[in-house]
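Undergrad: For reference, the file run-v5.txt (compact mmCIF, C-alpha atoms) is included below:
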# COMPACT_ATOMS: atom_id res chain seq x y z
CA MET A 1305 -5.67 15.41 65.55
CA ASN A 1306 -8.56 14.35 63.31
CA THR A 1307 -7.47 16.83 60.69
CA GLN A 1308 -3.95 15.37 60.70
CA VAL A 1309 -5.27 11.81 60.38
CA SER A 1310 -7.58 12.87 57.59
CA ALA A 1311 -4.74 14.50 55.68
CA THR A 1312 -2.59 11.41 56.17
CA SER A 1313 -5.40 9.17 54.89
CA MET A 1314 -5.95 11.33 51.85
CA ALA A 1315 -2.24 11.31 51.06
CA SER A 1316 -2.06 7.52 51.30
CA ALA A 1317 -5.19 7.17 49.18
CA SER A 1318 -3.69 9.49 46.56
CA ALA A 1319 -0.51 7.43 46.53
CA GLY A 1320 -2.56 4.25 46.11
CA ALA A 1321 -4.49 5.79 43.24
CA ARG A 1322 -1.25 6.75 41.50
CA GLN A 1323 -0.05 3.19 41.96
CA TYR A 1324 -3.06 1.62 40.21
CA PHE A 1325 -4.17 4.36 37.84
CA SER A 1326 -2.19 6.31 35.29
CA PHE A 1327 -3.45 9.12 33.10
CA THR A 1328 -1.63 9.93 29.90
CA PRO A 1329 -2.10 13.24 28.09
CA ILE A 1330 -4.10 13.30 24.88
CA ASN A 1331 -1.91 12.73 21.84
CA ILE A 1332 -2.90 15.84 19.88
CA GLY A 1333 -0.71 14.94 16.91
CA ARG A 1334 -2.35 11.54 16.50
CA TRP A 1335 -5.83 13.05 16.75
CA LEU A 1336 -4.92 15.59 14.08
CA ILE A 1337 -3.54 12.92 11.74
CA TRP A 1338 -6.53 10.61 12.08
CA GLY A 1339 -8.95 13.51 11.93
CA GLY A 1340 -7.27 14.78 8.78
CA PHE A 1341 -7.41 11.29 7.28
CA ALA A 1342 -11.15 11.10 7.99
CA LEU A 1343 -11.75 14.55 6.51
CA VAL A 1344 -9.85 13.62 3.34
CA LEU A 1345 -12.00 10.50 2.95
CA ILE A 1346 -15.21 12.51 3.52
CA PHE A 1347 -14.53 15.47 1.26
CA ALA A 1348 -12.49 13.83 -1.54
CA PRO A 1349 -15.52 12.97 -3.74
CA LEU A 1350 -16.88 16.47 -3.21
CA ILE A 1351 -13.66 17.96 -4.60
CA TRP A 1352 -13.09 15.48 -7.43
CA THR A 1353 -16.58 15.05 -8.82
CA SER A 1354 -15.99 13.43 -12.22
CA SER A 1355 -16.85 9.77 -12.76
CA LEU A 1356 -13.20 8.89 -13.45
CA SER A 1357 -12.01 10.66 -10.31
CA ARG A 1358 -14.52 8.88 -8.10
CA THR A 1359 -13.67 5.57 -9.72
CA MET A 1360 -10.02 6.15 -8.88
CA LEU A 1361 -10.91 7.18 -5.32
CA LEU A 1362 -12.87 3.97 -4.90
CA GLN A 1363 -9.97 1.87 -6.10
CA MET A 1364 -7.51 3.82 -3.94
CA GLY A 1365 -9.51 3.00 -0.82
CA ILE A 1366 -9.49 -0.70 -1.70
CA ALA A 1367 -5.79 -0.62 -2.61
CA ILE A 1368 -4.92 1.05 0.70
CA ILE A 1369 -6.56 -1.78 2.66
CA VAL A 1370 -4.89 -4.57 0.69
CA CYS A 1371 -1.44 -2.92 0.73
CA LEU A 1372 -1.68 -2.36 4.49
CA SER A 1373 -2.68 -5.99 4.95
CA TYR A 1374 0.28 -7.09 2.85
CA ASN A 1375 2.58 -4.91 4.93
CA MET A 1376 1.51 -6.82 8.04
CA LEU A 1377 3.46 -9.67 6.49
CA LEU A 1378 6.32 -7.85 4.75
CA GLY A 1379 7.03 -4.77 6.83
CA GLN A 1380 5.98 -5.90 10.28
CA GLY A 1381 6.72 -9.61 10.07
CA GLY A 1382 9.51 -9.79 7.49
CA MET A 1383 7.50 -12.36 5.50
CA LEU A 1384 7.98 -11.89 1.77
CA SER A 1385 4.82 -13.30 0.22
CA PHE A 1386 4.34 -13.95 -3.49
CA GLY A 1387 0.77 -15.19 -3.05
CA HIS A 1388 -1.14 -12.54 -1.11
CA ALA A 1389 -3.61 -12.22 -3.98
CA VAL A 1390 -4.90 -15.68 -3.05
CA TYR A 1391 -6.61 -14.22 0.02
CA SER A 1392 -7.88 -10.98 -1.49
CA GLY A 1393 -9.06 -13.00 -4.49
CA MET A 1394 -10.78 -15.68 -2.43
CA GLY A 1395 -12.46 -12.94 -0.43
CA ALA A 1396 -13.69 -11.44 -3.71
CA PHE A 1397 -15.07 -14.77 -4.96
CA LEU A 1398 -16.83 -15.53 -1.67
CA ALA A 1399 -18.24 -12.00 -1.59
CA ILE A 1400 -19.63 -12.19 -5.15
CA HIS A 1401 -21.27 -15.56 -4.41
CA THR A 1402 -22.77 -14.08 -1.24
CA LEU A 1403 -24.02 -11.09 -3.25
CA ASN A 1404 -25.74 -13.42 -5.70
CA HIS A 1405 -27.41 -15.31 -2.84
CA VAL A 1406 -28.62 -12.00 -1.45
CA SER A 1407 -29.97 -11.05 -4.89
CA ASP A 1408 -31.83 -14.38 -5.06
CA GLY A 1409 -33.32 -13.79 -1.63
CA VAL A 1410 -31.58 -16.83 -0.12
CA TRP A 1411 -29.50 -14.96 2.48
CA PRO A 1412 -30.85 -11.85 4.26
CA ILE A 1413 -27.45 -10.19 4.57
CA PRO A 1414 -27.07 -6.41 4.09
CA VAL A 1415 -24.89 -5.52 1.12
CA SER A 1416 -22.80 -3.30 3.41
CA LEU A 1417 -21.67 -6.40 5.37
CA ILE A 1418 -20.70 -8.51 2.34
CA PRO A 1419 -17.03 -7.35 2.53
CA VAL A 1420 -16.92 -8.74 6.08
CA VAL A 1421 -18.09 -12.08 4.67
CA GLY A 1422 -15.22 -11.88 2.19
CA GLY A 1423 -12.82 -11.15 5.02
CA LEU A 1424 -14.04 -14.07 7.12
CA GLY A 1425 -13.87 -16.39 4.12
CA ALA A 1426 -10.32 -15.33 3.33
CA ALA A 1427 -9.37 -15.81 6.98
CA LEU A 1428 -10.78 -19.34 6.85
CA VAL A 1429 -8.71 -20.08 3.74
CA ALA A 1430 -5.67 -18.70 5.58
CA VAL A 1431 -6.42 -20.95 8.55
CA LEU A 1432 -6.26 -23.94 6.21
CA LEU A 1433 -3.24 -22.88 4.13
CA GLY A 1434 -1.39 -20.67 6.59
CA TRP A 1435 -0.18 -23.43 8.90
CA VAL A 1436 1.81 -25.02 6.10
CA THR A 1437 2.92 -21.64 4.77
CA THR A 1438 4.26 -20.30 8.08
CA LYS A 1439 6.21 -23.42 9.00
CA LYS A 1440 9.18 -21.79 7.30
CA ALA A 1441 10.47 -18.24 7.19
CA ALA A 1442 12.55 -16.09 4.84
CA THR A 1443 13.16 -17.59 1.37
CA PRO A 1444 11.34 -20.93 1.98
CA PHE A 1445 8.27 -18.95 3.09
CA ALA A 1446 8.36 -16.92 -0.13
CA MET A 1447 8.66 -20.07 -2.25
CA ILE A 1448 5.75 -21.74 -0.44
CA THR A 1449 3.52 -18.72 -0.99
CA MET A 1450 4.46 -18.70 -4.66
CA GLY A 1451 3.59 -22.38 -4.98
CA ILE A 1452 0.25 -21.95 -3.21
CA GLY A 1453 -0.53 -18.95 -5.40
CA GLU A 1454 0.09 -20.93 -8.57
CA LEU A 1455 -1.94 -23.83 -7.16
CA VAL A 1456 -4.98 -21.66 -6.44
CA TRP A 1457 -4.70 -19.94 -9.81
CA ALA A 1458 -4.67 -23.32 -11.57
CA MET A 1459 -7.69 -24.39 -9.50
CA SER A 1460 -9.54 -21.28 -10.63
CA LEU A 1461 -9.50 -22.67 -14.18
CA MET A 1462 -10.19 -26.27 -13.12
CA PHE A 1463 -13.35 -25.58 -11.08
CA PRO A 1464 -15.60 -23.31 -13.13
CA GLU A 1465 -18.57 -24.04 -10.84
CA PHE A 1466 -17.03 -21.85 -8.14
CA PHE A 1467 -14.59 -19.64 -10.04
CA GLY A 1468 -16.69 -19.14 -13.18
CA GLY A 1469 -14.01 -20.22 -15.63
CA GLU A 1470 -12.50 -17.62 -17.92
CA GLY A 1471 -15.64 -15.48 -17.80
CA GLY A 1472 -15.64 -15.22 -14.02
CA ILE A 1473 -18.64 -14.60 -11.75
CA SER A 1474 -20.78 -11.48 -12.09
CA GLY A 1475 -23.33 -9.95 -9.74
CA ASN A 1476 -25.47 -6.91 -9.01
CA ARG A 1477 -24.72 -4.86 -5.91
CA VAL A 1478 -28.21 -3.30 -5.91
CA ALA A 1479 -29.74 -6.14 -3.91
CA GLY A 1480 -31.47 -6.81 -0.62
CA SER A 1481 -32.97 -4.14 1.58
CA SER A 1482 -32.37 -0.42 1.07
CA PRO A 1483 -32.24 1.30 4.49
CA PHE A 1484 -32.69 5.09 4.22
CA GLY A 1485 -32.84 4.66 0.44
CA ILE A 1486 -29.20 3.56 0.23
CA THR A 1487 -28.88 1.00 -2.54
CA PHE A 1488 -25.14 1.39 -3.28
CA GLY A 1489 -26.08 1.69 -6.92
CA PRO A 1490 -24.85 5.30 -7.28
CA GLN A 1491 -21.09 5.59 -7.33
CA VAL A 1492 -20.92 8.10 -4.48
CA GLN A 1493 -22.84 5.78 -2.14
CA LEU A 1494 -20.42 2.95 -2.82
CA TYR A 1495 -17.52 5.34 -2.32
CA TYR A 1496 -18.60 6.23 1.20
CA LEU A 1497 -19.00 2.53 2.02
CA VAL A 1498 -15.43 1.94 0.80
CA ALA A 1499 -14.24 5.03 2.70
CA ALA A 1500 -15.81 3.77 5.93
CA TYR A 1501 -14.14 0.38 5.54
CA THR A 1502 -10.85 2.06 4.65
CA PHE A 1503 -10.86 4.20 7.78
CA VAL A 1504 -11.94 1.40 10.13
CA CYS A 1505 -9.55 -1.19 8.65
CA THR A 1506 -6.65 1.27 8.69
CA ALA A 1507 -7.36 2.08 12.35
CA LEU A 1508 -7.61 -1.60 13.27
CA MET A 1509 -4.37 -2.48 11.50
CA PHE A 1510 -2.64 0.44 13.22
CA ALA A 1511 -4.02 -0.78 16.55
CA PHE A 1512 -2.62 -4.23 15.75
CA THR A 1513 0.88 -2.76 15.60
CA ARG A 1514 0.43 -1.60 19.23
CA THR A 1515 -0.76 -4.96 20.58
CA PRO A 1516 1.56 -7.51 22.24
CA LEU A 1517 1.08 -9.76 19.20
CA GLY A 1518 2.11 -6.95 16.86
CA ARG A 1519 5.19 -6.20 18.94
CA MET A 1520 6.07 -9.89 19.08
CA LEU A 1521 5.68 -10.09 15.29
CA ASN A 1522 8.30 -7.33 15.00
CA ALA A 1523 10.56 -9.31 17.33
CA VAL A 1524 10.12 -12.45 15.23
CA ARG A 1525 11.10 -10.40 12.19
CA ASP A 1526 14.23 -8.98 13.83
CA ASN A 1527 15.49 -11.89 15.95
CA PRO A 1528 13.46 -15.13 15.83
CA GLU A 1529 16.12 -17.08 17.73
CA ARG A 1530 15.84 -14.82 20.76
CA VAL A 1531 12.03 -14.95 20.62
CA ALA A 1532 12.14 -18.73 20.64
CA PHE A 1533 14.70 -18.64 23.47
CA VAL A 1534 12.34 -16.70 25.75
CA GLY A 1535 9.59 -19.24 25.19
CA TYR A 1536 7.44 -17.98 22.30
CA ASP A 1537 6.39 -20.12 19.35
CA THR A 1538 7.59 -18.14 16.36
CA GLN A 1539 5.47 -20.13 13.91
CA MET A 1540 2.32 -19.45 15.94
CA VAL A 1541 3.09 -15.72 15.94
CA ARG A 1542 3.52 -15.77 12.16
CA TYR A 1543 0.45 -17.98 11.71
CA ILE A 1544 -1.95 -15.79 13.68
CA SER A 1545 -0.63 -12.65 12.00
CA PHE A 1546 -0.95 -14.36 8.62
CA VAL A 1547 -4.63 -15.12 9.26
CA ILE A 1548 -5.31 -11.55 10.41
CA ALA A 1549 -3.61 -10.14 7.30
CA ALA A 1550 -5.71 -12.48 5.13
CA PHE A 1551 -8.87 -11.22 6.85
CA PHE A 1552 -8.18 -7.62 5.87
CA ALA A 1553 -7.13 -8.69 2.37
CA GLY A 1554 -10.46 -10.50 2.06
CA ILE A 1555 -12.31 -7.33 3.04
CA ALA A 1556 -10.49 -5.50 0.24
CA GLY A 1557 -11.46 -8.29 -2.15
CA GLY A 1558 -15.09 -8.06 -1.06
CA LEU A 1559 -15.12 -4.31 -1.67
CA SER A 1560 -13.54 -4.89 -5.07
CA SER A 1561 -16.31 -7.35 -6.00
CA LEU A 1562 -18.94 -4.75 -5.09
CA ASN A 1563 -17.12 -2.11 -7.10
CA PHE A 1564 -16.62 -4.06 -10.33
CA GLU A 1565 -19.56 -6.48 -9.89
CA ILE A 1566 -17.48 -9.19 -11.55
CA VAL A 1567 -14.65 -11.42 -10.30
CA THR A 1568 -12.37 -13.39 -12.62
CA SER A 1569 -9.44 -15.74 -12.10
CA GLU A 1570 -7.05 -12.81 -12.61
CA VAL A 1571 -7.66 -11.69 -9.01
CA VAL A 1572 -5.76 -14.71 -7.64
CA GLY A 1573 -2.95 -14.56 -10.21
CA ALA A 1574 0.74 -13.97 -9.64
CA ALA A 1575 0.59 -10.57 -11.37
CA ARG A 1576 -1.80 -9.27 -8.72
CA SER A 1577 0.43 -10.55 -5.90
CA GLY A 1578 3.43 -8.96 -7.59
CA ALA A 1579 1.60 -5.64 -7.76
CA TYR A 1580 0.93 -5.74 -4.00
CA LEU A 1581 4.60 -6.42 -3.33
CA LEU A 1582 5.87 -3.76 -5.73
CA PHE A 1583 3.68 -0.91 -4.58
CA THR A 1584 3.95 -1.72 -0.88
CA PHE A 1585 7.71 -1.52 -1.33
CA LEU A 1586 7.49 1.70 -3.35
CA GLY A 1587 5.31 3.30 -0.72
CA GLY A 1588 7.62 2.25 2.08
CA ALA A 1589 7.26 -1.01 4.00
CA THR A 1590 9.16 0.27 7.05
CA PHE A 1591 6.53 2.89 7.92
CA PHE A 1592 2.85 2.32 8.64
CA PHE A 1593 1.70 5.05 6.24
CA GLY A 1594 3.98 3.79 3.46
CA PRO A 1595 1.47 1.25 2.06
CA ILE A 1596 -1.15 4.02 1.98
CA ILE A 1597 1.11 5.90 -0.41
CA GLY A 1598 1.75 2.64 -2.27
CA GLY A 1599 -1.98 1.98 -2.72
CA ILE A 1600 -2.48 5.46 -4.17
CA LEU A 1601 0.48 4.99 -6.52
CA MET A 1602 -0.87 1.61 -7.64
CA VAL A 1603 -4.15 3.10 -8.81
CA LEU A 1604 -2.41 6.03 -10.47
CA ALA A 1605 -0.14 3.62 -12.35
CA PHE A 1606 -2.86 1.20 -13.41
CA VAL A 1607 -5.42 3.83 -14.41
CA LEU A 1608 -3.52 6.95 -15.51
CA LEU A 1609 -0.05 5.75 -16.51
CA SER A 1610 -1.47 2.85 -18.50
CA GLU A 1611 -3.61 5.33 -20.46
CA PHE A 1612 -0.66 7.65 -21.02
CA THR A 1613 1.61 5.11 -22.69
CA LYS A 1614 1.73 1.47 -23.71
CA ALA A 1615 5.22 1.23 -22.21
CA TRP A 1616 3.93 1.93 -18.71
CA LEU A 1617 5.15 -1.40 -17.33
CA LEU A 1618 8.66 -0.60 -18.54
CA TYR A 1619 8.56 2.79 -16.80
CA LEU A 1620 7.19 1.14 -13.67
CA GLY A 1621 10.03 -1.37 -13.67
CA LEU A 1622 12.61 1.40 -14.06
CA ILE A 1623 11.06 3.36 -11.19
CA PHE A 1624 11.19 0.25 -9.02
CA LEU A 1625 14.84 -0.30 -9.99
CA PHE A 1626 15.85 3.27 -9.10
CA MET A 1627 13.96 3.12 -5.81
CA VAL A 1628 15.77 -0.09 -4.86
CA MET A 1629 19.12 1.51 -5.72
CA TYR A 1630 18.69 4.98 -4.23
CA ALA A 1631 15.72 4.86 -1.80
CA PRO A 1632 15.17 1.30 -0.54
CA GLY A 1633 12.92 2.62 2.22
CA GLY A 1634 10.35 3.82 -0.32
CA VAL A 1635 8.60 7.16 -0.63
CA ALA A 1636 7.74 7.17 3.08
CA SER A 1637 11.42 7.02 4.04
CA LEU A 1638 12.18 9.98 1.75
CA ILE A 1639 9.43 11.97 3.43
CA MET A 1640 10.59 11.13 6.94
CA MET A 1641 14.25 11.86 6.19
CA ASN A 1642 13.33 15.30 4.91
CA VAL A 1643 11.04 15.89 7.89
CA ARG A 1644 14.05 15.20 10.11
CA VAL A 1645 16.18 17.64 8.10
CA ALA A 1646 13.44 20.28 8.29
CA ALA A 1647 13.10 19.79 12.06
CA PHE A 1648 16.75 20.84 12.48
CA GLY A 1649 16.38 23.77 10.09
CA PHE A 1650 18.55 22.51 7.23
CA LEU A 1651 15.90 21.97 4.56
CA LYS A 1652 16.42 25.40 2.96
CA ARG A 1653 19.98 24.44 2.06
CA LEU A 1654 18.68 21.50 0.02
CA LEU A 1655 15.93 23.27 -1.91
CA PRO A 1656 18.21 24.53 -4.75
CA SER A 1657 19.66 21.04 -5.14
CA TYR A 1658 16.19 19.50 -5.17
CA ALA A 1659 15.08 21.95 -7.86
CA LEU A 1660 18.13 21.17 -10.01
CA LEU A 1661 17.64 17.41 -9.60
CA ALA A 1662 13.97 17.72 -10.51
CA ILE A 1663 14.76 19.64 -13.71
CA LEU A 1664 17.46 17.18 -14.75
CA ALA A 1665 15.25 14.20 -13.89
CA LEU A 1666 12.52 15.65 -16.11
CA ALA A 1667 15.04 16.10 -18.93
CA LEU A 1668 16.27 12.54 -18.40
CA PHE A 1669 12.74 11.17 -18.52
CA ALA A 1670 11.85 13.22 -21.61
CA SER A 1671 14.89 12.10 -23.62
CA GLY A 1672 14.84 8.47 -22.47
CA GLY A 1673 11.06 8.26 -22.76
CA ALA A 1674 11.21 9.63 -26.29
CA LEU A 1675 13.51 6.77 -27.33
CA VAL A 1676 11.25 4.22 -25.64
CA GLU A 1677 8.12 5.65 -27.27
CA MET A 1678 9.73 5.61 -30.71
CA VAL A 1679 10.69 1.94 -30.29
CA TYR A 1680 7.17 1.06 -29.15
CA HIS A 1681 5.70 3.08 -32.01
CA MET A 1682 7.76 1.17 -34.55
CA GLN A 1683 6.74 -2.18 -33.10
CA LEU A 1684 3.07 -1.58 -32.27
CA ASN A 1685 1.83 1.49 -34.15
CA ALA A 1686 3.68 1.35 -37.46
CA ALA A 1687 0.38 1.54 -39.35
CA MET A 1688 -0.32 4.96 -37.84
CA GLY A 1689 2.54 6.63 -39.68
CA ASP A 1690 6.06 7.67 -38.79
CA GLU A 1691 5.25 10.62 -36.54
CA LEU A 1692 4.20 10.59 -32.89
CA SER A 1693 3.81 13.13 -30.14
CA PHE A 1694 5.44 12.79 -26.71
CA MET A 1695 5.51 15.46 -23.98
CA GLY A 1696 4.88 18.20 -26.51
CA MET A 1697 7.60 16.95 -28.88
CA THR A 1698 6.89 15.73 -32.40
CA LEU A 1699 9.09 12.72 -33.18
CA ASN A 1700 9.65 10.89 -36.43
CA VAL A 1701 10.79 7.28 -36.25
CA ALA A 1702 12.01 7.43 -39.85
CA SER A 1703 14.26 10.42 -39.19
CA GLN A 1704 17.82 9.95 -37.98
CA ALA A 1705 17.68 13.43 -36.44
CA SER A 1706 15.04 12.30 -33.96
CA TRP A 1707 17.03 9.25 -32.90
CA LEU A 1708 20.38 11.06 -32.70
CA GLY A 1709 18.88 14.08 -30.96
CA CYS A 1710 17.10 12.01 -28.32
CA GLY A 1711 20.18 9.80 -27.82
CA ALA A 1712 22.48 12.79 -27.37
CA ALA A 1713 20.01 14.47 -25.01
CA LEU A 1714 19.81 11.25 -22.99
CA LEU A 1715 23.60 10.99 -22.62
CA VAL A 1716 23.90 14.65 -21.61
CA SER A 1717 21.02 14.30 -19.15
CA ILE A 1718 22.58 11.23 -17.56
CA GLY A 1719 25.91 13.01 -17.15
CA LEU A 1720 24.40 16.18 -15.69
CA PHE A 1721 22.09 14.22 -13.38
CA GLU A 1722 24.96 12.14 -12.03
CA TRP A 1723 27.04 15.29 -11.46
CA ALA A 1724 24.15 16.93 -9.60
CA ARG A 1725 23.48 13.74 -7.62
CA ARG A 1726 27.08 13.52 -6.41
CA GLY A 1727 27.03 17.16 -5.36
CA PHE A 1728 23.76 16.56 -3.53
CA SER A 1729 25.23 13.50 -1.78
CA VAL A 1730 28.12 15.59 -0.44
CA LYS A 1731 25.75 18.29 0.80
CA TRP A 1732 23.40 15.69 2.30
CA GLY A 1733 26.27 14.00 4.14
CA ALA A 1734 27.44 17.33 5.59
CA ILE A 1735 23.92 18.10 6.81
CA GLN A 1736 23.57 14.67 8.42
CA THR A 1737 26.89 15.20 10.22
CA ALA A 1738 25.69 18.59 11.44
CA ILE A 1739 22.44 17.03 12.69
CA GLU A 1740 24.33 14.37 14.63
CA LYS A 1741 26.53 17.03 16.23
CA GLU A 1742 23.45 19.04 17.19
CA ILE A 1743 21.84 15.96 18.73
CA LYS A 1744 24.96 15.27 20.82
CA ARG A 1745 25.11 18.93 21.87
CA ARG A 1746 21.49 18.82 23.06
CA GLU A 1747 22.08 15.56 24.90
CA GLY A 1748 25.13 17.10 26.60
CA ALA A 1749 23.12 20.17 27.59
CA LEU A 1750 20.56 17.95 29.26
Written as structure tokens, that's how I'd like the structure from this file.
TA:
Amino acid sequence: MNTQVSATSMASASAGARQYFSFTPINIGRWLIWGGFALVLIFAPLIWTSSLSRTMLLQMGIAIIVCLSYNMLLGQGGMLSFGHAVYSGMGAFLAIHTLNHVSDGVWPIPVSLIPVVGGLGAALVAVLLGWVTTKKAATPFAMITMGIGELVWAMSLMFPEFFGGEGGISGNRVAGSSPFGITFGPQVQLYYLVAAYTFVCTALMFAFTRTPLGRMLNAVRDNPERVAFVGYDTQMVRYISFVIAAFFAGIAGGLSSLNFEIVTSEVVGAARSGAYLLFTFLGGATFFFGPIIGGILMVLAFVLLSEFTKAWLLYLGLIFLFMVMYAPGGVASLIMMNVRVAAFGFLKRLLPSYALLAILALALFASGGALVEMVYHMQLNAAMGDELSFMGMTLNVASQASWLGCGAALLVSIGLFEWARRGFSVKWGAIQTAIEKEIKRREGAL
């Protein structure tokens, strides 16, 4: 009898435990992704050891943080901002002033925490400006951010005491105490500080997407009328998210001030805000990892592409145009679409088409780029002679053969690329239809 009662009690206790406690299995895939991300951050400067490579890695870490913070507005909240540089820039200015106070011995703040000061300062600026900014959504929101961006940029030239005028504010990151001999003077030490902030900020912004506020921000983006109907203040949701995004942008600005040791009015300008928008879009605003790709592309464009050609902004604009036309979801969407195709075993069918498109795209770029480079050479480098070199080709701006040859190659490349693209579109559509049929078959089998 006692044994039966004991068994009954244990069963009821087990049922009660299941009611109040739930245990989910470990997400191995997520651990692998985050572990791989951490390993890449740790070992990257050990693989790319040159000064230029480490400089680019530093800037990539900073760009990843600021693009992810911008995507909190654009991708998650549907808020198209033309003034996000205000908050990264204000964080940079506040961080460089803090660094100078630390150098003077006024504030006993570790250099490693100065980016947090920049983040808190940017959040405070967002608290003041964000309430007005988030009163409207969609196009009015974008126009307000543009106006505030221009206002702050004008103020940066009107108040040289804080912004430093045209010369900006400079500092020295080797300041304050040096625990364990870490001064952040050597480039590799600063890199690991940036890497630590990049990992932590990325994890925190990913965690934000899983919070009730993050989910509600998605709802405000998709259907603000329904959100308001169920009793939520849509402006408050946008406002709090706006302040959080500004905080992370300020951290990126603080890291940038430590990296360059100088901050000028350019960091709050419209061009910087436009760069955040462009590369977040190119990376893929609809996926969390898209802005990470966008941040990497931004550094590659500003550092490498700008050294490769003076027409790099033209090429960047053309890339943006083609992405809007053919891949509005950005690079991340292209990756995920092909992952889906590979998961159903159809990727091998597309590999020949991808190879053909890549070859024709290279031919298109070579012929079109040759014409662009010759035009730029005539306008900007006429004193250097008539000949120039581009992608292994020797071109002569004074020769009709060069112009006619490049023009004919461009027309042929466009025609062949369009023919290949249409054939690829037919094959892609057939594969998508086959995938849908397979999904329905599996659902029917279940």
Undergrad: Between A:Ala1615, A:Ile1718, A:Ile1739, A:Ile1413, which residue has the minimum interatomic distance to Ser1482 of chain A, considering only C-alpha atoms?
TA: A:Ile1413
Undergrad: What's around Phe1397 of chain A at 7 Å? Count only C-alpha atoms, leave out sequence neighbours fewer than 4 positions away in its own chain, and write the answer as an MDAnalysis selection string.
TA: chainID A and resid 1393 1401 1567
Undergrad: Considering all atoms listed in the file, state which residue in the set A:Met1383, A:Ala1575, A:Leu1601, A:Leu1350 is at the smallest distance from Asp1526 of chain A.
TA: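 Going through A:Met1383, A:Ala1575, A:Leu1601, A:Leu1350 one by one, the smallest distance to Asp1526 of chain A is for A:Met1383.
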Undergrad: Neighbourhood query: residues within 12 Å of (15.5, 21.9, 0.1), file coordinates, counting all atoms listed in the file; return as a ChimeraX atom specification.
TA: /A:1641-1643,1645-1646,1649-1662,1728,1731-1732,1735
Undergrad: Tell me which of A:Ala1631, A:Val1603, A:Leu1684, A:Val1730 sits closest to Ser1357 of chain A, counting only C-alpha atoms.
TA: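 Among the listed residues, A:Val1603 lies closest to Ser1357 of chain A.
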Undergrad: Kindly indicate which residue among A:Ser1577, A:Thr1513, A:Ser1560, A:Asn1700 lies nearest to Ile1548 of chain A, using only C-alpha atoms for the distances.
TA: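 The shortest atom-to-atom distance to Ile1548 of chain A comes from A:Thr1513.
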Undergrad: Around (3.3, 1.0, 4.0) in the file's frame, which residues reach within 10 Å when counting all atoms listed in the file? Return as a ChimeraX atom specification?
TA: /A:1368,1371-1376,1378-1380,1583-1599,1633-1636
Undergrad: Considering only C-alpha atoms, can you say which of A:Thr1449, A:Asn1331, A:Asn1476, A:Thr1515 comes closest to Val1415 of chain A?
TA: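 That would be A:Asn1476, the residue with the smallest distance to Val1415 of chain A.
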Undergrad: For atom CA of Ile1486 of chain A and atom CA of Thr1502 of chain A, determine how far apart the two atoms are, in Å to one decimal place.
TA: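 Atom CA of Thr1502 of chain A lies at a distance of 18.9 Å from atom CA of Ile1486 of chain A.
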Undergrad: For the atom pair atom CA of Val1370 of chain A and atom CA of Arg1519 of chain A, what is the interatomic distance in Å to one decimal place?
TA: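 Taking atom CA of Val1370 of chain A and atom CA of Arg1519 of chain A, their separation equals 20.9 Å.
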Undergrad: Suppose you want the space between atom CA of Pro1632 of chain A and atom CA of Glu1677 of chain A; what is it in Å?
TA: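 Between atom CA of Pro1632 of chain A and atom CA of Glu1677 of chain A the gap is 28.0 Å.
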